[in-house]
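data-v4.pdb, holding PDB, C-alpha atoms:
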```pdb
ATOM      1  CA  MET N  25      -1.097  17.932 -22.603
ATOM      2  CA  SER N  26      -2.337  14.389 -21.950
ATOM      3  CA  ASN N  27       0.947  13.442 -20.250
ATOM      4  CA  ALA N  28       0.424  16.058 -17.533
ATOM      5  CA  VAL N  29      -3.012  14.644 -16.750
ATOM      6  CA  ALA N  30      -1.623  11.110 -16.398
ATOM      7  CA  LEU N  31       0.727  12.189 -13.583
ATOM      8  CA  GLN N  32      -1.991  13.531 -11.327
ATOM      9  CA  GLU N  33      -3.341  11.636  -8.358
ATOM     10  CA  GLY N  34      -6.032   9.184  -9.159
ATOM     11  CA  ASN N  35      -4.478   8.074 -12.394
ATOM     12  CA  GLY N  36      -2.505   5.175 -11.003
ATOM     13  CA  PHE N  37      -0.134   7.212  -8.839
ATOM     14  CA  THR N  38      -0.413   6.272  -5.175
ATOM     15  CA  PRO N  39       0.630   9.032  -2.775
ATOM     16  CA  ARG N  40       3.637   8.179  -0.616
ATOM     17  CA  SER N  41       1.866   8.782   2.680
ATOM     18  CA  ARG N  42      -0.348   5.736   2.173
ATOM     19  CA  ALA N  43       2.651   3.404   2.241
ATOM     20  CA  SER N  44       3.602   4.422   5.747
ATOM     21  CA  GLU N  45       0.098   3.834   7.104
ATOM     22  CA  ARG N  46       0.152   0.335   5.755
ATOM     23  CA  GLU N  47       0.048  -2.552   8.161
ATOM     24  CA  VAL N  48       2.162  -5.631   7.565
ATOM     25  CA  VAL N  49       1.841  -9.172   8.854
ATOM     26  CA  PRO N  50       4.946 -10.028  10.888
ATOM     27  CA  ALA N  51       6.828 -13.289  10.310
ATOM     28  CA  VAL N  52       6.058 -15.791  13.036
ATOM     29  CA  ASP N  53       7.283 -19.154  14.305
ATOM     30  CA  VAL N  54       5.021 -21.322  16.427
ATOM     31  CA  PHE N  55       6.437 -24.068  18.649
ATOM     32  CA  GLU N  56       4.769 -26.446  21.038
ATOM     33  CA  ASN N  57       5.810 -28.687  23.892
ATOM     34  CA  GLY N  58       3.936 -30.465  26.634
ATOM     35  CA  ASP N  59       3.513 -27.311  28.729
ATOM     36  CA  GLU N  60       2.880 -24.473  26.348
ATOM     37  CA  ILE N  61       2.612 -23.061  22.874
ATOM     38  CA  LEU N  62       5.344 -20.544  22.088
ATOM     39  CA  VAL N  63       4.726 -17.883  19.441
ATOM     40  CA  VAL N  64       7.768 -15.938  18.246
ATOM     41  CA  ALA N  65       7.165 -12.865  16.076
ATOM     42  CA  ASP N  66       9.598 -10.441  14.412
ATOM     43  CA  ILE N  67       8.551  -6.874  15.167
ATOM     44  CA  PRO N  68      11.650  -4.778  14.488
ATOM     45  CA  GLY N  69      11.978  -1.065  15.074
ATOM     46  CA  LEU N  70       9.603  -0.762  18.002
ATOM     47  CA  PRO N  71      10.439  -0.477  21.685
ATOM     48  CA  GLY N  72       8.775  -2.954  24.052
ATOM     49  CA  GLU N  73       6.264  -0.367  25.262
ATOM     50  CA  ALA N  74       4.971   0.178  21.737
ATOM     51  CA  ILE N  75       4.195  -3.505  21.222
ATOM     52  CA  ASP N  76       0.716  -4.538  22.245
ATOM     53  CA  VAL N  77      -0.229  -8.169  22.944
ATOM     54  CA  ARG N  78      -3.956  -8.584  23.624
ATOM     55  CA  VAL N  79      -6.205 -11.491  24.473
ATOM     56  CA  GLU N  80      -9.815 -10.795  23.584
ATOM     57  CA  GLY N  81     -12.103 -13.732  24.173
ATOM     58  CA  SER N  82     -10.480 -16.511  22.216
ATOM     59  CA  THR N  83      -8.263 -14.397  19.969
ATOM     60  CA  LEU N  84      -4.691 -13.273  20.498
ATOM     61  CA  THR N  85      -3.492 -10.137  18.728
ATOM     62  CA  VAL N  86       0.095  -8.953  18.406
ATOM     63  CA  GLU N  87       0.326  -5.365  17.302
ATOM     64  CA  GLY N  88       2.916  -2.666  17.016
ATOM     65  CA  LYS N  89       2.050   0.830  15.895
ATOM     66  CA  ARG N  90       4.564   2.621  13.760
ATOM     67  CA  GLN N  91       6.536   5.263  15.595
ATOM     68  CA  PRO N  92       6.815   8.681  14.021
ATOM     69  CA  THR N  93      10.423   9.116  12.937
ATOM     70  CA  GLU N  94      12.375  12.109  11.719
ATOM     71  CA  GLN N  95      11.782  12.151   7.999
ATOM     72  CA  SER N  96      15.124  12.590   6.393
ATOM     73  CA  SER N  97      15.023  14.239   3.034
ATOM     74  CA  LEU N  98      18.499  13.008   2.149
ATOM     75  CA  ALA N  99      17.725   9.285   2.059
ATOM     76  CA  PHE N 100      19.747   7.494  -0.607
ATOM     77  CA  VAL N 101      18.759   3.916   0.168
ATOM     78  CA  ARG N 102      15.182   3.059   1.023
ATOM     79  CA  GLU N 103      14.346  -0.634   1.178
ATOM     80  CA  TYR N 104      11.818  -0.648   3.972
ATOM     81  CA  ASP N 105       9.100   1.608   5.293
ATOM     82  CA  ASP N 106       8.353   2.268   8.912
ATOM     83  CA  VAL N 107       5.185   0.287   9.155
ATOM     84  CA  SER N 108       2.715  -0.898  11.739
ATOM     85  CA  PHE N 109       2.486  -4.613  12.425
ATOM     86  CA  SER N 110      -0.530  -6.663  13.281
ATOM     87  CA  ARG N 111      -1.402 -10.336  13.371
ATOM     88  CA  THR N 112      -4.337 -12.059  15.025
ATOM     89  CA  PHE N 113      -4.614 -15.701  16.015
ATOM     90  CA  ARG N 114      -7.409 -17.813  17.332
ATOM     91  CA  ILE N 115      -6.340 -19.384  20.601
ATOM     92  CA  PRO N 116      -6.985 -23.123  20.536
ATOM     93  CA  ALA N 117      -8.901 -24.911  23.264
ATOM     94  CA  GLY N 118      -6.907 -26.077  26.274
ATOM     95  CA  ILE N 119      -4.972 -22.861  26.889
ATOM     96  CA  ASP N 120      -4.941 -21.034  30.205
ATOM     97  CA  THR N 121      -5.682 -17.623  28.638
ATOM     98  CA  ALA N 122      -5.265 -15.772  31.924
ATOM     99  CA  ALA N 123      -1.667 -16.965  32.143
ATOM    100  CA  ILE N 124      -0.541 -15.872  28.668
ATOM    101  CA  ARG N 125       2.584 -13.735  28.872
ATOM    102  CA  ALA N 126       4.831 -11.913  26.422
ATOM    103  CA  ASP N 127       8.439 -10.670  26.411
ATOM    104  CA  THR N 128      10.343  -8.710  23.820
ATOM    105  CA  LYS N 129      14.008  -8.987  22.986
ATOM    106  CA  GLN N 130      15.935  -7.394  20.123
ATOM    107  CA  GLY N 131      12.863  -6.701  18.068
ATOM    108  CA  THR N 132      11.366 -10.145  18.606
ATOM    109  CA  VAL N 133       8.265 -10.871  20.702
ATOM    110  CA  PHE N 134       7.959 -14.173  22.583
ATOM    111  CA  ILE N 135       4.422 -15.083  23.578
ATOM    112  CA  ARG N 136       3.877 -18.065  25.821
ATOM    113  CA  LEU N 137       0.477 -19.721  25.951
ATOM    114  CA  PRO N 138       0.492 -22.192  28.852
ATOM    115  CA  LYS N 139      -1.676 -25.228  28.494
ATOM    116  CA  LEU N 140      -4.329 -25.994  31.061
ATOM    117  CA  ALA N 141      -3.352 -28.852  33.342
ATOM    118  CA  ALA N 142      -6.090 -31.041  31.925
ATOM    119  CA  SER N 143      -4.636 -30.659  28.408
ATOM    120  CA  LYS N 144      -1.075 -31.499  29.309
ATOM    121  CA  PRO N 145       0.062 -34.957  28.374
ATOM    122  CA  ARG N 146      -0.431 -37.080  31.430
ATOM    123  CA  LYS N 147       1.170 -40.384  31.960
ATOM    124  CA  ILE N 148      -1.249 -42.980  33.232
ATOM    125  CA  ALA N 149       0.276 -45.524  35.576
ATOM    126  CA  VAL N 150      -0.425 -49.045  34.459
ATOM    127  CA  ARG N 151      -1.095 -51.247  37.382
ATOM    128  CA  SER N 152      -0.820 -54.936  37.117
ATOM    129  CA  ASP N 153      -2.557 -57.011  39.694
TER     130      ASP N 153
ATOM    131  CA  MET V 151      -1.697 -32.388  20.826
ATOM    132  CA  ILE V 152      -4.239 -29.670  21.376
ATOM    133  CA  ALA V 153      -7.602 -30.161  19.694
ATOM    134  CA  GLY V 154      -8.544 -27.216  17.574
ATOM    135  CA  TRP V 155      -4.985 -26.525  16.503
ATOM    136  CA  LYS V 156      -6.020 -26.722  12.866
ATOM    137  CA  ASP V 157      -8.320 -23.791  13.501
ATOM    138  CA  LEU V 158      -5.633 -21.770  15.189
ATOM    139  CA  ASP V 159      -5.381 -19.027  12.709
ATOM    140  CA  ASP V 160      -7.077 -18.250   9.429
ATOM    141  CA  THR V 161      -4.203 -16.059   8.376
ATOM    142  CA  PHE V 162      -1.800 -19.027   8.575
ATOM    143  CA  ARG V 163      -3.598 -20.629   5.680
ATOM    144  CA  ALA V 164      -3.992 -17.395   3.781
ATOM    145  CA  LEU V 165      -0.337 -16.669   4.366
ATOM    146  CA  SER V 166       0.773 -20.001   2.923
ATOM    147  CA  LEU V 167      -1.242 -19.313  -0.184
ATOM    148  CA  LEU V 168       0.258 -15.846  -0.410
ATOM    149  CA  GLN V 169       3.760 -17.212   0.046
ATOM    150  CA  ARG V 170       3.372 -19.700  -2.762
ATOM    151  CA  GLY V 171       2.278 -16.995  -5.126
ATOM    152  CA  ILE V 172       4.712 -14.327  -4.094
ATOM    153  CA  ASP V 173       7.779 -13.544  -6.095
ATOM    154  CA  HIS V 174       8.295  -9.965  -5.135
ATOM    155  CA  VAL V 175       8.224  -9.838  -1.350
ATOM    156  CA  PHE V 176       9.889  -6.459  -1.430
ATOM    157  CA  ASP V 177       7.286  -4.715  -3.544
ATOM    158  CA  ASP V 178       6.177  -1.662  -1.649
ATOM    159  CA  TRP V 179       2.954  -1.355  -3.571
ATOM    160  CA  ASN V 180       0.535  -4.187  -3.258
ATOM    161  CA  GLY V 181      -1.621  -2.714  -5.952
ATOM    162  CA  LYS V 182      -4.237  -1.179  -3.683
ATOM    163  CA  ALA V 183      -4.207   1.047  -0.669
ATOM    164  CA  GLY V 184      -4.972  -0.616   2.635
ATOM    165  CA  GLY V 185      -5.120  -4.294   3.385
ATOM    166  CA  PRO V 186      -2.420  -6.355   5.087
ATOM    167  CA  VAL V 187       0.785  -6.935   3.161
ATOM    168  CA  LEU V 188       3.379  -9.610   3.760
ATOM    169  CA  ASP V 189       6.384  -8.157   5.588
ATOM    170  CA  PRO V 190       9.654  -8.989   3.825
ATOM    171  CA  ILE V 191      10.189 -12.420   5.305
ATOM    172  CA  ARG V 192      13.587 -13.888   5.657
ATOM    173  CA  ARG V 193      14.177 -16.218   2.781
ATOM    174  CA  ALA V 194      17.393 -17.947   1.944
ATOM    175  CA  SER V 195      17.110 -17.216  -1.751
ATOM    176  CA  ARG V 196      15.914 -14.589  -4.187
ATOM    177  CA  THR V 197      15.427 -11.714  -1.780
ATOM    178  CA  VAL V 198      17.919  -9.333  -0.248
ATOM    179  CA  TRP V 199      18.267  -9.384   3.503
ATOM    180  CA  PRO V 200      18.464  -7.423   5.728
ATOM    181  CA  PRO V 201      16.476  -4.506   4.299
ATOM    182  CA  ILE V 202      18.394  -1.249   4.678
ATOM    183  CA  ASN V 203      17.580   2.442   4.778
ATOM    184  CA  ALA V 204      20.316   5.008   4.564
ATOM    185  CA  PHE V 205      20.401   8.779   4.781
ATOM    186  CA  GLU V 206      22.932  11.534   4.861
ATOM    187  CA  THR V 207      23.352  14.238   7.491
ATOM    188  CA  LYS V 208      25.636  17.250   7.479
ATOM    189  CA  ASP V 209      28.575  15.272   8.801
ATOM    190  CA  SER V 210      27.834  11.579   8.438
ATOM    191  CA  PHE V 211      26.144   8.769   6.556
ATOM    192  CA  VAL V 212      23.688   6.716   8.619
ATOM    193  CA  TYR V 213      22.590   3.214   7.670
ATOM    194  CA  LYS V 214      19.743   1.376   9.391
ATOM    195  CA  ALA V 215      19.124  -2.338   8.873
ATOM    196  CA  ARG V 216      16.122  -4.326  10.069
ATOM    197  CA  VAL V 217      17.582  -7.312  11.870
ATOM    198  CA  PRO V 218      15.018  -8.664  14.352
ATOM    199  CA  GLY V 219      16.250 -11.517  16.482
ATOM    200  CA  LEU V 220      19.933 -10.891  15.739
ATOM    201  CA  ALA V 221      22.421 -10.605  18.595
ATOM    202  CA  GLU V 222      25.691  -8.620  18.289
ATOM    203  CA  GLY V 223      27.696 -11.817  18.024
ATOM    204  CA  ASP V 224      25.695 -12.886  14.978
ATOM    205  CA  LEU V 225      26.995 -10.249  12.645
ATOM    206  CA  SER V 226      30.106  -8.329  11.574
ATOM    207  CA  VAL V 227      30.309  -4.865  10.081
ATOM    208  CA  TYR V 228      33.297  -3.813   7.942
ATOM    209  CA  VAL V 229      34.337  -0.728   6.082
ATOM    210  CA  GLU V 230      36.579  -1.731   3.200
ATOM    211  CA  ASP V 231      37.572  -0.067  -0.059
ATOM    212  CA  GLY V 232      34.849   2.527   0.050
ATOM    213  CA  SER V 233      32.100   0.007   0.862
ATOM    214  CA  LEU V 234      30.122  -0.922   3.919
ATOM    215  CA  ILE V 235      29.932  -4.694   4.381
ATOM    216  CA  LEU V 236      27.446  -6.530   6.571
ATOM    217  CA  ARG V 237      27.978 -10.205   7.105
ATOM    218  CA  GLY V 238      26.441 -12.666   9.504
ATOM    219  CA  GLU V 239      24.006 -15.358  10.314
ATOM    220  CA  CYS V 240      20.466 -15.152  11.528
ATOM    221  CA  LYS V 241      20.123 -18.189  13.683
ATOM    222  CA  SER V 242      16.503 -18.930  14.412
ATOM    223  CA  ASP V 243      17.021 -22.060  16.377
ATOM    224  CA  VAL V 244      14.081 -24.236  17.312
ATOM    225  CA  PRO V 245      14.038 -24.102  21.109
ATOM    226  CA  GLU V 246      15.003 -27.406  22.633
ATOM    227  CA  GLY V 247      12.198 -29.751  23.474
ATOM    228  CA  TYR V 248       9.634 -28.024  21.265
ATOM    229  CA  GLU V 249       7.970 -29.214  18.105
ATOM    230  CA  VAL V 250       7.534 -26.904  15.158
ATOM    231  CA  ARG V 251       3.965 -25.996  14.257
ATOM    232  CA  LEU V 252       4.730 -23.071  11.915
ATOM    233  CA  ARG V 253       8.037 -21.749  10.628
ATOM    234  CA  GLU V 254       8.371 -18.414   8.823
ATOM    235  CA  ARG V 255      11.527 -17.035  10.423
ATOM    236  CA  VAL V 256      14.065 -19.240   8.730
ATOM    237  CA  PRO V 257      17.757 -19.283   9.634
ATOM    238  CA  LEU V 258      19.744 -17.377   7.069
ATOM    239  CA  ALA V 259      23.343 -16.479   6.331
ATOM    240  CA  PHE V 260      23.690 -13.042   4.755
ATOM    241  CA  ALA V 261      26.330 -10.821   3.220
ATOM    242  CA  ARG V 262      25.658  -7.380   1.804
ATOM    243  CA  THR V 263      28.101  -4.918   0.301
ATOM    244  CA  LEU V 264      26.993  -1.326  -0.077
ATOM    245  CA  PRO V 265      29.142   1.259  -1.821
ATOM    246  CA  LEU V 266      29.556   4.367   0.309
ATOM    247  CA  PRO V 267      28.599   7.680  -1.297
ATOM    248  CA  GLY V 268      31.731   9.411  -0.009
ATOM    249  CA  ARG V 269      34.900   9.010   2.015
ATOM    250  CA  VAL V 270      34.502   8.281   5.717
ATOM    251  CA  GLU V 271      36.634   8.270   8.842
ATOM    252  CA  ALA V 272      36.900   4.497   9.184
ATOM    253  CA  ASP V 273      38.215   4.706  12.746
ATOM    254  CA  ALA V 274      35.209   6.658  13.928
ATOM    255  CA  VAL V 275      32.471   4.411  12.556
ATOM    256  CA  THR V 276      30.000   3.207  15.201
ATOM    257  CA  ALA V 277      27.356   0.493  15.085
ATOM    258  CA  THR V 278      24.586  -0.068  17.631
ATOM    259  CA  MET V 279      21.618  -2.434  17.860
ATOM    260  CA  LYS V 280      18.308  -1.597  19.466
ATOM    261  CA  ASP V 281      14.882  -3.213  19.139
ATOM    262  CA  GLY V 282      16.023  -5.218  16.158
ATOM    263  CA  ILE V 283      17.401  -2.227  14.226
ATOM    264  CA  LEU V 284      21.127  -1.997  13.502
ATOM    265  CA  THR V 285      22.293   1.601  13.134
ATOM    266  CA  ILE V 286      25.693   2.307  11.576
ATOM    267  CA  THR V 287      26.984   5.864  11.678
ATOM    268  CA  LEU V 288      29.901   6.722   9.396
ATOM    269  CA  PRO V 289      31.347  10.192   9.945
ATOM    270  CA  LYS V 290      32.334  11.823   6.696
ATOM    271  CA  ALA V 291      36.055  12.241   6.139
ATOM    272  CA  LYS V 292      37.097  15.663   7.401
ATOM    273  CA  GLU V 293      38.651  16.710   4.119
ATOM    274  CA  THR V 294      35.325  16.186   2.382
ATOM    275  CA  LEU V 295      33.382  18.423   4.734
ATOM    276  CA  PRO V 296      32.573  21.877   3.447
ATOM    277  CA  ARG V 297      35.031  24.408   4.730
ATOM    278  CA  GLN V 298      34.255  28.021   4.724
ATOM    279  CA  ILE V 299      37.017  30.285   3.479
ATOM    280  CA  ALA V 300      37.261  33.689   5.140
ATOM    281  CA  VAL V 301      37.263  36.547   2.712
ATOM    282  CA  LYS V 302      39.647  39.306   3.674
ATOM    283  CA  ALA V 303      39.377  42.708   2.184
ATOM    284  CA  LEU V 304      42.709  44.185   1.227
TER     285      LEU V 304
END
```

Take the structure in this file and express it as structure tokens.
Amino acid sequence: MSNAVALQEGNGFTPRSRASEREVVPAVDVFENGDEILVVADIPGLPGEAIDVRVEGSTLTVEGKRQPTEQSSLAFVREYDDVSFSRTFRIPAGIDTAAIRADTKQGTVFIRLPKLAASKPRKIAVRSD
Amino acid sequence: MIAGWKDLDDTFRALSLLQRGIDHVFDDWNGKAGGPVLDPIRRASRTVWPPINAFETKDSFVYKARVPGLAEGDLSVYVEDGSLILRGECKSDVPEGYEVRLRERVPLAFARTLPLPGRVEADAVTATMKDGILTITLPKAKETLPRQIAVKAL
């Protein structure tokens, strides 16, 4: 009798539907050169239109909402869930936020944050009199 | 160097702490509902990459692998001895002229062998890549498909 009670919801068993509403943090590389900061994020399984890159004030958010897929009842290998992705960054000072742009390619998002001219390394000419 | 870089992202720091503590990046259950979970990150050791889902239809087996950033030339797909083999290299090169500030997408060589659940028509296997998902469709061998036998009354 007590075994049947243990299997019901609320006794440590998490319903499957919760897993697919879960949001994961995508893996990201960040590179920098004199002109820009380049953020590269892995967001597989979503078409470009479903990926949202937003600048709100001084934060940058990369988000991809899970697409509804045909649930196959005959799955025999299941190593990943169709999940939503989200990651938010604070944009550092010195970035031209209006010029931030993003491209997607093969499930990877490339976000370029151009630096403001005043922040770019500037060579000062040394004059000798 | 941009001032304020150290403040760039709170989750960077939290993520590093998470990474140091994590052994089971492929656990589906993080113990509680809700809250962000680390996506299976490419790691050279300990974890299996790429993650694969597979399902069966009436006439084929379909495998899907999550391979963001991979180009067709980076991987090979074989059908051999009743197994599906995926082999390749995930090159995440540092773009020329840039310095690295954060690196989570590490370059990785991978090889995975998956036993097929049934016989397939090896010549009719197709593989396509879209949005970082590799889809391999293996039509079931014709002799394994159900065949209806007509019943004739004498």

Show me, as a ChimeraX atom specification, the residues of chain N whose atoms get within 6 Å of chain V, using only C-alpha atoms for the distance check.
/N:47-57,66,68-71,98-103,113-116,130-132

Resolved residues for the PyMOL selection byres ((chain N and resi 121-124) around 9) as an MDAnalysis selection string:
chainID N and resid 79 81:82 115 118:120 125:126 135:140

What is the atom CA of Gln91 of chain N to atom CA of Val133 of chain N distance in Å?
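Separation of atom CA of Gln91 of chain N and atom CA of Val133 of chain N: 17.0 Å.
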
Enclosing box along x, y and z for every listed atom of segment 98-112 of chain N, padded 8 Å each side, centre and size in Å, one decimal, as AutoDock Vina command-line options:
```
--center_x 7.7 --center_y 0.5 --center_z 7.2 --size_x 40.1 --size_y 41.1 --size_z 31.6
```

Long-range neighbours of Thr276 of chain V as a PyMOL selection string, 8 Å cut-off, all atoms listed in the file, 4 positions minimum in chain:
chain V and resi 286-288

Between atom CA of Gly223 of chain V and atom CA of Pro257 of chain V, what is the spacing in Å?
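Atom CA of Pro257 of chain V sits 15.0 Å away from atom CA of Gly223 of chain V.
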
Mind telling me what the PyMOL selection byres ((chain V and resi 262) around 12) catches here, as a list in words?
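This file gives the following for the PyMOL selection byres ((chain V and resi 262) around 12): Thr197, Val198, Trp199, Pro200, Pro201, Ile202, Ala215, Leu225, Ser226, Val227, Tyr228, Val229, Ser233, Leu234, Ile235, Leu236, Arg237, Gly238, Glu239, Ala259, Phe260, Ala261, Thr263, Leu264 and Pro265 of chain V.
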
Using only C-alpha atoms for the distances, tell me which of N:Arg146, N:Asp153, N:Val86, N:Ile61 is nearest to Ala117 of chain N.
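Smallest distance to Ala117 of chain N is found for N:Ile61.
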